[in-house]
Amino acid sequence: MKFPRSMLRVALLLIGLSQSLVISNAQFDPLLNPRGAPQAKTPEELDAYLEIATAQESRVTIEKVKQFASKYPSSELLGVAYQDETLAYKQVNDIEGVLRAGKRTLLRYA
Amino acid sequence: MIGASFAQAPAGTRTVDPVPESIYLKGHPATLPVSLSVLIHQQRWAQAAELAEKFTLEHPRESTGFYWLGVARQKLHDPVRAIQALRSAERLGLGTPAFHIVLGIAYYNLHQFVLFEEQMQMTIRSEPFRYEPYYYLGIYYEDVLNRWEHALELFHRAAELEPDDPRSMYGAGYCLEALGKRDEAAKAYEESIGLIERNSGRFSGPHQGMARLLLDADPYKALPFAHKALELEPSSPSNHVILAKAYERVGRLTEAVEELQLAAYLSPTDPSPRFALARVYEKLGRSEAAGSELQMFEKLTRIYGP
């Protein structure tokens, strides 16, 4: 499949973003900043996010993010969930998935 | 008005013991298997986590294994998996007041403050005369929200309910210091020091607070308090910083550098010891070292700063 040049540029940008997100898990995770940490409103909402955060397989992460977004569409944790999704798509070399999830991430932080 | 030295105290970084023994031992009513009990009492948390996990697999309908797995994981500074284990215990029916404090502290350590507050309020509702929820809520209002007046009320309530606990009185002193009431803060610190001396405690907060209060007016008087704070809790980076500041004020610059280097080593993501190091190096005429520390300060501030 051939991508238009502009789409490739966005893809490269998002791959760059997703690579910086690898570092983010250790250093820049929003949950690490006490003042700006996104808050779960119920224990169940946090349980659902922690399932994403601790999933061992990328496909499981992607599926769980879908379920999370559908069940908690206004969750403050959606931004970090989409970051996880972007990384998961990168792990399975799905460039279109990286694009979609990366855009969703950027929109949450816009 | 907040004192200059106080303003340099790191914000949002107040340490909370992952789970104090006085709480976690009361979190679950069931008798423990002897092997697990031994590991817990010896505080061998990695092995305790392993054994507790095995217990959860063998007894998936009992909350005991999940509870102790959660406690052990908190002790191992893994709040995510601690919460998961504790929530499993809760789903299996565990709901003692001490359990809610343990779970609340795990939420706090993951910066999930809405859920943390909910757990503390649940404990207050079921055991209104327990001091710990007031104490932890006090830390939250003081350290994260900087709502000093409300935090002060919470610490006072905690101290009222448990007059022997030096931490609540120290918390009150810290809030008074932040509110610019330095004399009242000193009284609270002295009271807290008295409690530590009576109970042979190992808590350094009020000694550090006294050193901070005395630093500008009389650094020679600040020194013994800073020394004592470090003696009580040598692995606390802020104790090294306060001792370094006292050394710097009395002109013992080489010793100040040593303490600041230790603080930077113990807290590698905190930019403040780097800034202080740059200043002391400058005073020592070591411009190159000062420049390098300043660069590190700027880098750490960009990444981890407020």
# chains A, B, ... in the order shown; residues from 1 in each chain; ligands from 1

call {"tool": "interface_residues", "arguments": {"of": "chain B", "to": "chain A", "cutoff": "9 Å", "atoms": "only C-alpha atoms", "output": "ChimeraX atom specification"}}
result
/B:12-13,80-81,83-84,87,109-115,144-145,303-304,306

call {"tool": "atom_distance", "arguments": {"atom1": "CA of Arg147 in chain B", "atom2": "CA of Cys175 in chain B"}}
result
8.7 Å

call {"tool": "atom_distance", "arguments": {"atom1": "CA of Tyr82 in chain A", "atom2": "CA of Arg100 in chain A"}}
result
9.5 Å

call {"tool": "atom_distance", "arguments": {"atom1": "CA of Tyr189 in chain B", "atom2": "CA of Tyr247 in chain B"}}
result
21.5 Å

call {"tool": "residues_around", "arguments": {"residues": "range 58-75 of chain A", "least_positions_apart": "5", "cutoff": "6 Å", "atoms": "only C-alpha atoms", "output": "ChimeraX atom specification"}}
result
/A:52,85,88

call {"tool": "write_last_selection", "arguments": {"atoms": "N, CA and C atoms", "output": "JSON list (two decimals), in the first residue's frame"}}
result
[["chain", "number", "residue", "atom", "x", "y", "z"],
["A", 52, "ILE", "N", -5.40, -1.76, 31.02],
["A", 52, "ILE", "CA", -4.70, -1.33, 29.79],
["A", 52, "ILE", "C", -3.21, -1.18, 30.11],
["A", 85, "GLU", "N", -2.30, 3.08, 23.46],
["A", 85, "GLU", "CA", -2.78, 2.50, 22.21],
["A", 85, "GLU", "C", -1.79, 2.79, 21.07],
["A", 88, "ALA", "N", 1.07, 0.60, 21.37],
["A", 88, "ALA", "CA", 0.71, -0.79, 21.05],
["A", 88, "ALA", "C", 0.67, -0.98, 19.53]]

call {"tool": "residues_around", "arguments": {"residues": "Gln119 in chain B", "least_positions_apart": "2", "cutoff": "12 Å", "atoms": "only C-alpha atoms", "output": "JSON, numbers by chain"}}
result
{"A": [42, 43], "B": [90, 95, 96, 97, 98, 99, 100, 101, 102, 103, 104, 105, 106, 107, 108, 112, 113, 114, 115, 116, 117, 121, 122, 123, 124, 125, 126, 132, 133, 134, 136, 137]}

call {"tool": "residues_around", "arguments": {"residues": "Ile242 in chain B", "least_positions_apart": "3", "cutoff": "7 Å", "atoms": "only C-alpha atoms", "output": "PyMOL selection string"}}
result
chain B and resi 208+212+226+238-239+245-246

call {"tool": "select_by_dssp", "arguments": {"residues": "range 60-298 of chain B", "states": "helix (DSSP H, G or I)", "output": "NGL selection string"}}
result
:B and (63-75 or 79-91 or 97-109 or 113-126 or 132-144 or 148-161 or 166-178 or 182-199 or 205-214 or 219-232 or 237-249 or 253-266 or 272-283 or 287-298)
